[in-house]
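Okay, start-v7.cif now, which holds mmCIF, C-alpha atoms and all ligand atoms:
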data_upload
#
loop_
_atom_site.label_atom_id
_atom_site.label_comp_id
_atom_site.auth_asym_id
_atom_site.auth_seq_id
_atom_site.Cartn_x
_atom_site.Cartn_y
_atom_site.Cartn_z
CA MET A 1 1.25 -21.35 9.33
CA ASN A 2 -0.49 -20.18 6.18
CA ARG A 3 1.47 -19.95 2.97
CA PRO A 4 0.20 -17.95 -0.03
CA ALA A 5 -2.21 -19.67 -2.39
CA ALA A 6 0.44 -19.47 -5.10
CA GLU A 7 -1.56 -21.30 -7.70
CA ASN A 8 -4.20 -18.54 -7.78
CA VAL A 9 -2.02 -15.45 -7.97
CA THR A 10 0.63 -14.09 -10.23
CA ILE A 11 3.66 -14.38 -7.98
CA TYR A 12 6.51 -12.81 -9.91
CA ALA A 13 5.08 -11.02 -12.96
CA PRO A 14 3.15 -7.81 -12.28
CA ARG A 15 -0.38 -7.66 -13.65
CA PRO A 16 -1.08 -4.43 -15.54
CA CYS A 17 -3.60 -2.12 -13.98
CA ARG A 18 -5.00 1.37 -14.49
CA LEU A 19 -5.15 4.26 -12.09
CA LEU A 20 -8.80 5.36 -12.01
CA ASP A 21 -8.73 8.11 -9.41
CA VAL A 22 -6.47 9.86 -6.90
CA GLN A 23 -7.65 11.60 -3.77
CA GLN A 24 -5.54 13.62 -1.32
CA LEU A 25 -6.21 12.28 2.20
CA THR A 26 -3.68 14.23 4.25
CA PRO A 27 -0.61 16.30 3.35
CA GLN A 28 1.44 13.05 3.17
CA GLU A 29 -1.12 10.43 2.15
CA LYS A 30 -3.18 9.81 -0.98
CA LEU A 31 -5.86 7.29 -1.85
CA PHE A 32 -5.41 5.52 -5.20
CA ARG A 33 -8.34 3.77 -6.87
CA LEU A 34 -7.20 1.10 -9.33
CA GLN A 35 -8.60 -1.48 -11.69
CA LEU A 36 -6.88 -4.48 -13.24
CA ALA A 37 -6.48 -3.89 -16.97
CA ASP A 38 -8.44 -7.06 -17.83
CA GLY A 39 -11.38 -5.81 -15.73
CA SER A 40 -11.24 -8.72 -13.27
CA ASP A 41 -11.51 -8.28 -9.50
CA LEU A 42 -8.27 -8.36 -7.52
CA GLY A 43 -9.52 -11.37 -5.53
CA HIS A 44 -8.14 -10.19 -2.20
CA GLN A 45 -9.32 -10.63 1.36
CA PRO A 46 -9.23 -7.82 3.97
CA GLY A 47 -5.71 -7.56 5.46
CA GLN A 48 -3.83 -8.72 2.36
CA PHE A 49 -1.32 -6.55 0.52
CA VAL A 50 -0.11 -6.11 -3.06
CA GLN A 51 3.32 -5.30 -4.44
CA VAL A 52 2.61 -2.18 -6.49
CA SER A 53 5.07 -1.10 -9.16
CA ILE A 54 5.58 1.70 -11.64
CA PRO A 55 6.93 0.24 -14.88
CA GLY A 56 10.71 0.76 -15.04
CA LEU A 57 10.99 1.94 -11.43
CA THR A 58 10.62 -0.33 -8.39
CA GLU A 59 7.86 -1.84 -6.24
CA ALA A 60 6.57 -1.57 -2.67
CA PRO A 61 4.17 -3.60 -0.50
CA ILE A 62 0.93 -1.72 0.16
CA SER A 63 -2.15 -3.07 1.95
CA VAL A 64 -5.44 -3.03 0.14
CA ALA A 65 -7.60 -0.34 1.74
CA SER A 66 -10.95 -1.37 0.26
CA SER A 67 -13.13 -4.41 0.86
CA PRO A 68 -13.56 -7.17 -1.74
CA SER A 69 -17.29 -6.62 -1.24
CA ARG A 70 -16.87 -3.32 -3.16
CA SER A 71 -16.16 -4.82 -6.57
CA GLY A 72 -14.96 -3.29 -9.85
CA TYR A 73 -11.96 -1.53 -8.27
CA PHE A 74 -9.57 -1.68 -5.34
CA GLU A 75 -7.97 1.12 -3.32
CA LEU A 76 -4.57 1.75 -1.78
CA GLY A 77 -3.91 4.43 0.86
CA VAL A 78 -0.28 5.42 0.40
CA ARG A 79 2.00 7.57 2.57
CA ARG A 80 4.80 9.30 0.67
CA ALA A 81 7.94 7.66 2.11
CA GLY A 82 10.64 7.23 -0.55
CA ARG A 83 11.31 6.43 -4.17
CA LEU A 84 8.28 4.42 -5.25
CA THR A 85 5.68 6.11 -3.08
CA ALA A 86 6.90 9.61 -4.03
CA ALA A 87 6.61 8.66 -7.71
CA LEU A 88 3.12 7.23 -7.09
CA HIS A 89 2.07 10.54 -5.56
CA GLN A 90 2.97 12.28 -8.86
CA LEU A 91 0.68 10.07 -10.99
CA GLN A 92 -2.55 11.21 -12.61
CA PRO A 93 -5.63 9.08 -13.45
CA GLY A 94 -4.98 6.91 -16.49
CA ALA A 95 -1.38 6.08 -15.52
CA PRO A 96 -0.33 2.44 -15.96
CA LEU A 97 0.81 0.48 -12.89
CA GLY A 98 1.76 -3.10 -12.07
CA ILE A 99 0.38 -5.25 -9.28
CA ARG A 100 1.70 -8.51 -7.84
CA GLY A 101 -0.56 -10.30 -5.44
CA PRO A 102 -2.74 -10.19 -3.42
CA PHE A 103 -0.36 -11.72 -0.88
CA GLY A 104 -0.25 -12.58 2.79
CA ARG A 105 -2.45 -13.93 5.51
CA PRO A 106 -5.63 -11.85 5.82
CA PHE A 107 -7.68 -10.94 8.89
CA GLN A 108 -9.23 -14.15 10.22
CA LEU A 109 -12.82 -13.36 9.24
CA ALA A 110 -14.26 -16.68 10.46
CA ALA A 111 -12.87 -16.04 13.96
CA LEU A 112 -14.54 -12.61 14.05
CA GLN A 113 -18.05 -13.82 13.28
CA GLY A 114 -20.60 -13.26 16.03
CA ARG A 115 -18.12 -11.29 18.14
CA GLN A 116 -18.05 -7.81 19.61
CA LEU A 117 -15.31 -6.23 17.51
CA LEU A 118 -12.90 -3.53 18.61
CA LEU A 119 -11.19 -2.28 15.45
CA ILE A 120 -8.27 -0.10 16.57
CA ALA A 121 -6.04 1.88 14.19
CA GLY A 122 -3.20 4.33 14.66
CA GLY A 123 -1.85 6.66 11.97
CA CYS A 124 -1.47 5.05 8.56
CA GLY A 125 -2.88 1.80 10.03
CA LEU A 126 -6.39 3.00 9.19
CA ALA A 127 -5.68 2.18 5.52
CA PRO A 128 -5.40 -1.62 5.95
CA LEU A 129 -8.09 -1.62 8.65
CA ARG A 130 -10.50 0.20 6.30
CA SER A 131 -10.78 -2.94 4.16
CA LEU A 132 -12.06 -4.83 7.22
CA ILE A 133 -14.28 -1.93 8.31
CA GLN A 134 -15.94 -1.83 4.88
CA TYR A 135 -16.30 -5.62 4.94
CA CYS A 136 -18.03 -5.43 8.36
CA GLN A 137 -20.27 -2.64 7.05
CA ASP A 138 -21.31 -4.87 4.14
CA HIS A 139 -21.89 -7.90 6.44
CA ALA A 140 -23.21 -6.06 9.51
CA ASP A 141 -25.46 -8.93 10.64
CA ASP A 142 -22.43 -11.19 11.13
CA TYR A 143 -21.18 -9.28 14.20
CA ALA A 144 -22.59 -8.62 17.67
CA SER A 145 -21.20 -5.06 17.49
CA VAL A 146 -18.43 -3.12 15.79
CA GLN A 147 -16.54 -0.30 17.48
CA ILE A 148 -13.94 1.70 15.54
CA LEU A 149 -11.23 3.55 17.45
CA TYR A 150 -8.66 5.66 15.63
CA GLY A 151 -5.79 7.89 16.70
CA ALA A 152 -3.67 10.27 14.63
CA ARG A 153 -0.94 12.73 15.56
CA SER A 154 -2.81 15.92 14.64
CA PRO A 155 -6.08 16.97 12.96
CA ASP A 156 -4.23 17.31 9.63
CA ASP A 157 -3.00 13.71 9.94
CA LEU A 158 -6.49 12.19 10.26
CA MET A 159 -6.92 9.90 7.24
CA PHE A 160 -10.28 9.13 5.59
CA LYS A 161 -12.08 12.09 7.20
CA GLN A 162 -15.19 11.56 5.06
CA ASP A 163 -15.30 7.86 6.02
CA LEU A 164 -14.89 8.74 9.70
CA ALA A 165 -17.86 11.11 9.44
CA ASN A 166 -19.95 8.42 7.71
CA TRP A 167 -18.97 5.72 10.20
CA GLN A 168 -19.95 8.00 13.08
CA ILE A 169 -23.52 8.21 11.81
CA SER A 170 -23.70 4.59 10.63
CA ASP A 171 -26.21 2.22 12.27
CA SER A 172 -23.62 -0.56 12.00
CA PHE A 173 -20.83 1.02 14.04
CA THR A 174 -19.67 3.11 16.90
CA CYS A 175 -16.72 5.25 15.81
CA ARG A 176 -14.47 7.49 17.91
CA TYR A 177 -11.22 9.16 17.01
CA THR A 178 -8.66 11.32 18.74
CA VAL A 179 -5.54 13.33 17.96
CA ASP A 180 -2.38 13.48 20.10
CA ASN A 181 -2.08 17.24 19.73
CA ARG A 182 -4.38 20.02 18.59
CA PRO A 183 -2.49 23.09 17.38
CA ALA A 184 -3.85 26.34 18.83
CA SER A 185 -4.71 27.53 15.32
CA SER A 186 -6.79 24.43 14.47
CA CYS A 187 -10.59 24.52 14.29
CA TYR A 188 -10.70 20.80 15.21
CA ASP A 189 -13.16 20.31 18.06
CA GLY A 190 -12.95 16.53 18.49
CA GLU A 191 -11.23 14.43 21.13
CA THR A 192 -7.60 14.99 22.09
CA GLY A 193 -5.26 12.48 23.73
CA LEU A 194 -3.61 9.15 23.02
CA ILE A 195 -5.66 6.29 21.62
CA THR A 196 -5.33 4.43 24.91
CA GLN A 197 -7.65 7.08 26.41
CA LEU A 198 -10.43 5.95 24.06
CA LEU A 199 -10.01 2.43 25.45
CA ALA A 200 -10.08 3.49 29.09
CA ASP A 201 -13.87 3.71 29.45
CA LEU A 202 -14.85 0.71 27.30
CA ARG A 203 -16.58 -2.23 28.95
CA PRO A 204 -16.69 -5.02 26.35
CA ASP A 205 -17.75 -8.56 27.26
CA PRO A 206 -14.40 -10.45 27.24
CA ALA A 207 -16.20 -13.72 26.50
CA ILE A 208 -17.23 -12.54 23.03
CA CYS A 209 -14.92 -9.61 22.31
CA CYS A 210 -12.14 -9.69 19.75
CA ALA A 211 -9.75 -6.79 19.06
CA VAL A 212 -7.94 -6.03 15.81
CA VAL A 213 -5.03 -3.60 16.13
CA VAL A 214 -3.17 -1.95 13.22
CA GLY A 215 -0.73 0.87 13.75
CA PRO A 216 2.85 1.96 14.31
CA PRO A 217 5.06 -0.27 16.51
CA THR A 218 4.97 2.19 19.43
CA MET A 219 1.21 1.78 19.71
CA TYR A 220 1.09 -1.97 20.24
CA ARG A 221 2.33 -2.50 23.81
CA PRO A 222 0.21 0.24 25.49
CA VAL A 223 -2.91 -0.76 23.53
CA ILE A 224 -2.40 -4.45 24.33
CA ALA A 225 -1.96 -3.58 28.01
CA GLU A 226 -5.34 -1.76 27.97
CA LEU A 227 -7.03 -4.66 26.19
CA ARG A 228 -5.67 -7.10 28.79
CA ARG A 229 -6.92 -4.83 31.57
CA MET A 230 -10.39 -5.18 30.00
CA GLY A 231 -10.10 -8.95 30.22
CA LEU A 232 -8.98 -9.79 26.69
CA SER A 233 -6.26 -12.14 27.85
CA GLY A 234 -7.27 -15.41 26.21
CA ALA A 235 -6.00 -16.96 22.98
CA ARG A 236 -7.43 -15.65 19.70
CA GLN A 237 -8.72 -12.43 21.24
CA ILE A 238 -6.22 -9.94 19.83
CA MET A 239 -5.24 -9.86 16.16
CA LEU A 240 -2.60 -7.47 14.84
CA SER A 241 -0.76 -6.50 11.70
CA LEU A 242 3.05 -6.31 11.48
CA GLU A 243 5.18 -4.62 8.83
CA ARG A 244 8.69 -5.47 7.77
CA GLN A 245 10.74 -4.37 4.78
CA MET A 246 9.98 -6.82 1.98
CA ARG A 247 11.39 -7.94 -1.35
CA CYS A 248 9.68 -11.00 -2.88
CA GLY A 249 6.46 -10.78 -0.82
CA VAL A 250 5.87 -14.52 -1.17
CA GLY A 251 8.07 -16.28 1.39
CA LYS A 252 11.11 -16.91 -0.83
CA CYS A 253 13.85 -14.36 -0.02
CA GLY A 254 13.81 -14.24 3.79
CA HIS A 255 13.98 -10.44 3.81
CA CYS A 256 10.99 -9.99 6.12
CA SER A 257 11.75 -12.64 8.74
CA ILE A 258 10.72 -12.27 12.36
CA GLU A 259 12.69 -15.16 13.90
CA HIS A 260 11.15 -18.28 12.28
CA LEU A 261 8.21 -16.42 10.68
CA TYR A 262 8.00 -14.57 7.38
CA CYS A 263 5.94 -11.43 7.72
CA CYS A 264 4.88 -11.61 4.05
CA SER A 265 3.46 -15.12 4.04
CA ASP A 266 2.91 -16.12 7.71
CA GLY A 267 1.49 -12.58 8.20
CA PRO A 268 1.12 -9.68 7.96
CA ILE A 269 -1.88 -10.50 10.19
CA PHE A 270 -1.05 -12.50 13.31
CA TRP A 271 -2.73 -13.48 16.56
CA LEU A 272 -0.91 -11.79 19.43
CA GLU A 273 0.14 -15.10 20.98
CA GLU A 274 1.93 -16.10 17.75
CA VAL A 275 4.36 -13.17 17.87
CA GLU A 276 4.41 -11.76 21.40
CA GLN A 277 7.47 -13.74 22.52
CA LEU A 278 9.46 -13.17 19.29
CA ARG A 279 12.37 -10.76 19.63
CA GLY A 280 11.60 -7.32 18.18
CA ALA A 281 8.19 -8.37 16.84
CA LEU A 282 6.22 -5.69 18.70
CA GLY A 283 8.82 -2.95 18.52
C1 LIG B 301 2.62 -5.67 4.45
C2 LIG B 301 2.86 -4.20 4.32
C3 LIG B 301 1.80 -3.37 4.09
C4 LIG B 301 2.02 -1.99 3.93
N1 LIG B 301 0.92 -1.21 3.72
C5 LIG B 301 1.11 0.11 3.52
C6 LIG B 301 -0.02 0.93 3.23
O1 LIG B 301 -1.18 0.50 3.16
N2 LIG B 301 0.22 2.25 3.03
C7 LIG B 301 1.49 2.80 3.09
O2 LIG B 301 1.64 4.00 2.88
N3 LIG B 301 2.55 2.03 3.38
C8 LIG B 301 2.41 0.70 3.57
N4 LIG B 301 3.50 -0.09 3.85
C9 LIG B 301 4.84 0.55 3.93
C10 LIG B 301 5.39 0.72 2.51
O3 LIG B 301 5.62 -0.56 1.96
C11 LIG B 301 6.70 1.51 2.51
O4 LIG B 301 6.46 2.82 2.93
C12 LIG B 301 7.26 1.51 1.08
O5 LIG B 301 7.80 0.22 0.81
C13 LIG B 301 8.34 2.54 0.90
O6 LIG B 301 8.80 2.38 -0.43
P1 LIG B 301 9.49 3.60 -1.22
O7 LIG B 301 10.15 3.05 -2.44
O8 LIG B 301 8.57 4.74 -1.38
O9 LIG B 301 10.57 4.04 -0.15
P2 LIG B 301 12.13 3.62 -0.06
O10 LIG B 301 12.87 4.61 -0.89
O11 LIG B 301 12.31 2.16 -0.30
O12 LIG B 301 12.33 3.86 1.48
C14 LIG B 301 11.97 5.07 2.12
C15 LIG B 301 11.97 4.84 3.60
O13 LIG B 301 10.90 3.93 3.95
C16 LIG B 301 11.42 2.84 4.71
N5 LIG B 301 10.64 1.63 4.43
C17 LIG B 301 10.68 0.88 3.30
N6 LIG B 301 9.86 -0.19 3.44
C18 LIG B 301 9.29 -0.09 4.66
C19 LIG B 301 8.36 -0.88 5.40
N7 LIG B 301 7.85 -2.01 4.94
N8 LIG B 301 7.99 -0.45 6.60
C20 LIG B 301 8.49 0.67 7.13
N9 LIG B 301 9.39 1.46 6.49
C21 LIG B 301 9.77 1.07 5.28
C22 LIG B 301 12.86 2.75 4.27
O14 LIG B 301 13.66 2.14 5.29
C23 LIG B 301 13.27 4.19 4.09
O15 LIG B 301 13.58 4.78 5.33
C24 LIG B 301 3.33 -1.45 4.01
C25 LIG B 301 4.40 -2.31 4.25
C26 LIG B 301 4.18 -3.65 4.41
C27 LIG B 301 5.35 -4.56 4.65
S1 LIG B 302 9.65 -10.61 1.46
FE1 LIG B 302 10.73 -12.35 0.76
S2 LIG B 302 10.34 -13.81 2.29
FE2 LIG B 302 9.08 -12.15 2.85
#
Would it be possible to restate this file's structure as structure tokens?
Amino acid sequence: MNRPAAENVTIYAPRPCRLLDVQQLTPQEKLFRLQLADGSDLGHQPGQFVQVSIPGLTEAPISVASSPSRSGYFELGVRRAGRLTAALHQLQPGAPLGIRGPFGRPFQLAALQGRQLLLIAGGCGLAPLRSLIQYCQDHADDYASVQILYGARSPDDLMFKQDLANWQISDSFTCRYTVDNRPASSCYDGETGLITQLLADLRPDPAICCAVVVGPPTMYRPVIAELRRMGLSGARQIMLSLERQMRCGVGKCGHCSIEHLYCCSDGPIFWLEEVEQLRGALG
């Protein structure tokens, strides 16, 4: 299993960084654009996370939502959940923050090369997946095809609406999204239904297809069942991201263990076959 490249990152001491911009994505999620105070790039790979802190408060693990191929800044899509994230949501551009990391095992980019990609996100999972989507956009020739599938609870909960619109007209991608429920008062005229419905009519070539799935625990088993029905039943065909409550973020405290694995350093990105048999791993 991979362990973090400790020699290249600041493990325990937060690096100062500056909040450049804040954008409201949904009623409960904001996008934060940040820059390290020394002007250097974060040095992350898609799928990695940082421990973000407000000086004097606490810290929380948040996935990087932008690709390393977009340099000069990095972005975090943050849902307001509790102490740290609520405080983050109050900040204005210019505020000082701390960053530890990047940490964790990223998406396995080498394994995705040349493949037909199904990039599948549910809810807040579009934030981590966006770093891979942007990376694919910036390296479009490396993939046979890229299909983005996204599901949210309601039209208001759709994250990155401007990105979704751009991806739908992009030459590099196919992009479809759906919402579980459309309130009668909504002017949303897109697809309605669970994300598994978007998978139902896909006919990928199982020999060259690879799926990446990021979403809430309840999404994994039904989505995996659909992918298997399409013939994605071999090893290294389904990659997914798992979340656990974390403390150190670097494989030292054991807080994030899933049986013998540490989510922070062996993951958060795993191949399905690495975690499928572990108790509680897939919800
Ligand atoms: C690898 C990783 C990547 C993540 N990426 C993102 C991201 O891109 N965007 C985002 O909005 N959130 C992300 N999260 C979840 C985020 O870390 C938690 O929402 C955050 O730690 C809550 O901190 P807080 O101080 O605001 O809340 P607290 O006051 O600590 O807790 C509020 C509530 O959130 C729950 N909680 C705390 N940590 C987690 C967790 N890891 N998973 C689920 N529930 C948790 C607590 O049990 C409590 O119910 C990620 C988590 C992990 C482990
Ligand atoms: S958070 Fe400490 S070992 Fe993973």
What are the closest atom pairs, with distances in Å to one decimal, for all residues of chain A lying within 8 Å of ligand LIG 302 (chain B)? Consider all atoms listed in the file, order rows by chain and residue number, and present the result as JSON lines.
{"residue": "A:Gln245", "atom": "CA", "partner": "B:LIG302", "partner_atom": "S1", "distance": 7.2}
{"residue": "A:Met246", "atom": "CA", "partner": "B:LIG302", "partner_atom": "S1", "distance": 3.8}
{"residue": "A:Arg247", "atom": "CA", "partner": "B:LIG302", "partner_atom": "S1", "distance": 4.2}
{"residue": "A:Cys248", "atom": "CA", "partner": "B:LIG302", "partner_atom": "FE1", "distance": 4.0}
{"residue": "A:Gly249", "atom": "CA", "partner": "B:LIG302", "partner_atom": "S1", "distance": 3.9}
{"residue": "A:Val250", "atom": "CA", "partner": "B:LIG302", "partner_atom": "FE1", "distance": 5.7}
{"residue": "A:Gly251", "atom": "CA", "partner": "B:LIG302", "partner_atom": "S2", "distance": 3.5}
{"residue": "A:Lys252", "atom": "CA", "partner": "B:LIG302", "partner_atom": "S2", "distance": 4.5}
{"residue": "A:Cys253", "atom": "CA", "partner": "B:LIG302", "partner_atom": "FE1", "distance": 3.8}
{"residue": "A:Gly254", "atom": "CA", "partner": "B:LIG302", "partner_atom": "S2", "distance": 3.8}
{"residue": "A:His255", "atom": "CA", "partner": "B:LIG302", "partner_atom": "FE1", "distance": 4.8}
{"residue": "A:Cys256", "atom": "CA", "partner": "B:LIG302", "partner_atom": "FE2", "distance": 4.4}
{"residue": "A:Ser257", "atom": "CA", "partner": "B:LIG302", "partner_atom": "FE2", "distance": 6.5}
{"residue": "A:Tyr262", "atom": "CA", "partner": "B:LIG302", "partner_atom": "FE2", "distance": 5.2}
{"residue": "A:Cys263", "atom": "CA", "partner": "B:LIG302", "partner_atom": "FE2", "distance": 5.8}
{"residue": "A:Cys264", "atom": "CA", "partner": "B:LIG302", "partner_atom": "FE2", "distance": 4.4}
{"residue": "A:Ser265", "atom": "CA", "partner": "B:LIG302", "partner_atom": "FE2", "distance": 6.5}
Using only C-alpha atoms, the shortest atom-to-atom distance to Phe103 (chain A) among A:Arg279, A:Arg18, A:Arg228, A:His44 belongs to A:His44
Around ligand LIG 301 (chain B), at most 7 Å away and counting all atoms listed in the file, which residues are there? Put them as a PyMOL selection string, please. chain A and resi 49+58-65+76-86+124+127-128+243-246+264+268
Could you work out how far CA of Asp38 (chain A) lies from CA of Pro16 (chain A), giving the answer in Å with one decimal?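 Separation of CA of Pro16 (chain A) and CA of Asp38 (chain A): 8.1 Å.
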Between A:Ala211, A:Leu91, A:Met219, A:Ala110, which residue has the minimum interatomic distance to Leu272 (chain A), considering only C-alpha atoms?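 Answer, going by the shortest atom-to-atom distance: A:Ala211.
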Nearest to Cys136 (chain A), restricted to all atoms listed in the file and choosing among A:Asp41, A:Asp171, A:Glu29, A:Asp201, comes out as A:Asp171
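Proximity ranking of A:Leu278, A:Ile133, A:Ala152, A:Leu119 relative to Ser69 (chain A) places A:Ile133 first, based on all atoms listed in the file.
Note that the spacing between CA of Pro46 (chain A) and CA of Gly193 (chain A) amounts to 28.6 Å.
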Using only C-alpha atoms, which of A:Met159, A:Leu240, A:Leu97, A:Leu149 sits nearest Gln35 (chain A)?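 Result for the nearest residue to Gln35 (chain A): A:Leu97.
Using all atoms listed in the file, the shortest contact distance between Ser71 (chain A) and any of A:Leu34, A:Leu118, A:Cys210, A:Cys175 is found at A:Leu34.
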Length of the CA of Val179 (chain A) to CA of Met239 (chain A) vector [Å]: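 For CA of Val179 (chain A) relative to CA of Met239 (chain A), the distance reads 23.3 Å.
Near Ala95 (chain A), within a cut-off of 12 Å and counting all atoms listed in the file, sit the residues A:Pro16, A:Cys17, A:Arg18, A:Leu19, A:Leu20, A:Asp21, A:Val22, A:Phe32, A:Arg33, A:Leu34, A:Gln35, A:Ala37, A:Ser53, A:Ile54, A:Pro55, A:Ala87, A:Leu88, A:His89, A:Gln90, A:Leu91, A:Gln92, A:Gly98, with same-chain residues fewer than 3 positions away left out.
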Please return as a PyMOL selection string every residue within 10 Å of (-6.5, -6.3, 10.9), taking into account all atoms listed in the file and the file's own coordinates. chain A and resi 46-48+106-109+119-121+125-126+128-133+211-215+238-242+268-271
Take the selection from the previous step and output its residues with C-alpha atoms, as a short mmCIF file (atom, residue, chain, number, x, y, z; two decimals), keeping the file's coordinate frame.
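So the final result, stored in part29.cif, reads:
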data_model
loop_
_atom_site.label_atom_id
_atom_site.label_comp_id
_atom_site.auth_asym_id
_atom_site.auth_seq_id
_atom_site.Cartn_x
_atom_site.Cartn_y
_atom_site.Cartn_z
CA PRO A 46 -9.23 -7.82 3.97
CA GLY A 47 -5.71 -7.56 5.46
CA GLN A 48 -3.83 -8.72 2.36
CA PRO A 106 -5.63 -11.85 5.82
CA PHE A 107 -7.68 -10.94 8.89
CA GLN A 108 -9.23 -14.15 10.22
CA LEU A 109 -12.82 -13.36 9.24
CA LEU A 119 -11.19 -2.28 15.45
CA ILE A 120 -8.27 -0.10 16.57
CA ALA A 121 -6.04 1.88 14.19
CA GLY A 125 -2.88 1.80 10.03
CA LEU A 126 -6.39 3.00 9.19
CA PRO A 128 -5.40 -1.62 5.95
CA LEU A 129 -8.09 -1.62 8.65
CA ARG A 130 -10.50 0.20 6.30
CA SER A 131 -10.78 -2.94 4.16
CA LEU A 132 -12.06 -4.83 7.22
CA ILE A 133 -14.28 -1.93 8.31
CA ALA A 211 -9.75 -6.79 19.06
CA VAL A 212 -7.94 -6.03 15.81
CA VAL A 213 -5.03 -3.60 16.13
CA VAL A 214 -3.17 -1.95 13.22
CA GLY A 215 -0.73 0.87 13.75
CA ILE A 238 -6.22 -9.94 19.83
CA MET A 239 -5.24 -9.86 16.16
CA LEU A 240 -2.60 -7.47 14.84
CA SER A 241 -0.76 -6.50 11.70
CA LEU A 242 3.05 -6.31 11.48
CA PRO A 268 1.12 -9.68 7.96
CA ILE A 269 -1.88 -10.50 10.19
CA PHE A 270 -1.05 -12.50 13.31
CA TRP A 271 -2.73 -13.48 16.56
#
Answer as a ChimeraX atom specification, residues within 9 Å of (-6.9, 9.6, 19.4) using all atoms listed in the file: /A:122,149-154,176-180,191-198
Export C-alpha atoms of region 211-255 of chain A from the structure just given, as a PDB file, in the first residue's frame?
ATOM      1  CA  ALA A 211     -15.133   3.716 -13.593  1.00  0.00           C
ATOM      2  CA  VAL A 212     -14.319   6.209 -10.848  1.00  0.00           C
ATOM      3  CA  VAL A 213     -17.022   6.619  -8.204  1.00  0.00           C
ATOM      4  CA  VAL A 214     -17.127   9.345  -5.519  1.00  0.00           C
ATOM      5  CA  GLY A 215     -20.185   9.929  -3.387  1.00  0.00           C
ATOM      6  CA  PRO A 216     -22.050   9.203  -0.185  1.00  0.00           C
ATOM      7  CA  PRO A 217     -21.841   5.642   1.224  1.00  0.00           C
ATOM      8  CA  THR A 218     -25.434   4.825   0.195  1.00  0.00           C
ATOM      9  CA  MET A 219     -24.544   5.338  -3.457  1.00  0.00           C
ATOM     10  CA  TYR A 220     -21.751   2.795  -3.722  1.00  0.00           C
ATOM     11  CA  ARG A 221     -23.504  -0.588  -3.686  1.00  0.00           C
ATOM     12  CA  PRO A 222     -26.257   0.235  -6.241  1.00  0.00           C
ATOM     13  CA  VAL A 223     -23.782   1.978  -8.568  1.00  0.00           C
ATOM     14  CA  ILE A 224     -21.309  -0.899  -8.328  1.00  0.00           C
ATOM     15  CA  ALA A 225     -24.111  -3.365  -9.091  1.00  0.00           C
ATOM     16  CA  GLU A 226     -24.940  -1.411 -12.281  1.00  0.00           C
ATOM     17  CA  LEU A 227     -21.277  -1.271 -13.305  1.00  0.00           C
ATOM     18  CA  ARG A 228     -20.964  -5.046 -12.833  1.00  0.00           C
ATOM     19  CA  ARG A 229     -24.099  -5.561 -14.916  1.00  0.00           C
ATOM     20  CA  MET A 230     -22.309  -3.651 -17.704  1.00  0.00           C
ATOM     21  CA  GLY A 231     -19.406  -6.073 -17.477  1.00  0.00           C
ATOM     22  CA  LEU A 232     -16.995  -4.118 -15.287  1.00  0.00           C
ATOM     23  CA  SER A 233     -16.228  -7.073 -13.073  1.00  0.00           C
ATOM     24  CA  GLY A 234     -12.475  -7.438 -13.492  1.00  0.00           C
ATOM     25  CA  ALA A 235      -9.682  -6.163 -11.245  1.00  0.00           C
ATOM     26  CA  ARG A 236      -8.687  -2.496 -11.557  1.00  0.00           C
ATOM     27  CA  GLN A 237     -11.916  -1.496 -13.292  1.00  0.00           C
ATOM     28  CA  ILE A 238     -13.644   0.395 -10.481  1.00  0.00           C
ATOM     29  CA  MET A 239     -11.888   3.027  -8.385  1.00  0.00           C
ATOM     30  CA  LEU A 240     -13.614   4.752  -5.472  1.00  0.00           C
ATOM     31  CA  SER A 241     -13.039   7.272  -2.726  1.00  0.00           C
ATOM     32  CA  LEU A 242     -13.783   6.566   0.949  1.00  0.00           C
ATOM     33  CA  GLU A 243     -14.126   9.044   3.802  1.00  0.00           C
ATOM     34  CA  ARG A 244     -13.506   8.471   7.479  1.00  0.00           C
ATOM     35  CA  GLN A 245     -13.156  10.890  10.365  1.00  0.00           C
ATOM     36  CA  MET A 246      -9.482  11.840  10.559  1.00  0.00           C
ATOM     37  CA  ARG A 247      -7.015  13.402  12.953  1.00  0.00           C
ATOM     38  CA  CYS A 248      -3.366  13.261  11.834  1.00  0.00           C
ATOM     39  CA  GLY A 249      -4.060  12.625   8.132  1.00  0.00           C
ATOM     40  CA  VAL A 250      -0.710  10.889   7.704  1.00  0.00           C
ATOM     41  CA  GLY A 251      -1.081   7.316   8.969  1.00  0.00           C
ATOM     42  CA  LYS A 252       0.072   7.887  12.568  1.00  0.00           C
ATOM     43  CA  CYS A 253      -2.964   8.035  14.894  1.00  0.00           C
ATOM     44  CA  GLY A 254      -5.137   5.156  13.642  1.00  0.00           C
ATOM     45  CA  HIS A 255      -8.283   7.303  13.775  1.00  0.00           C
TER      46      HIS A 255
END
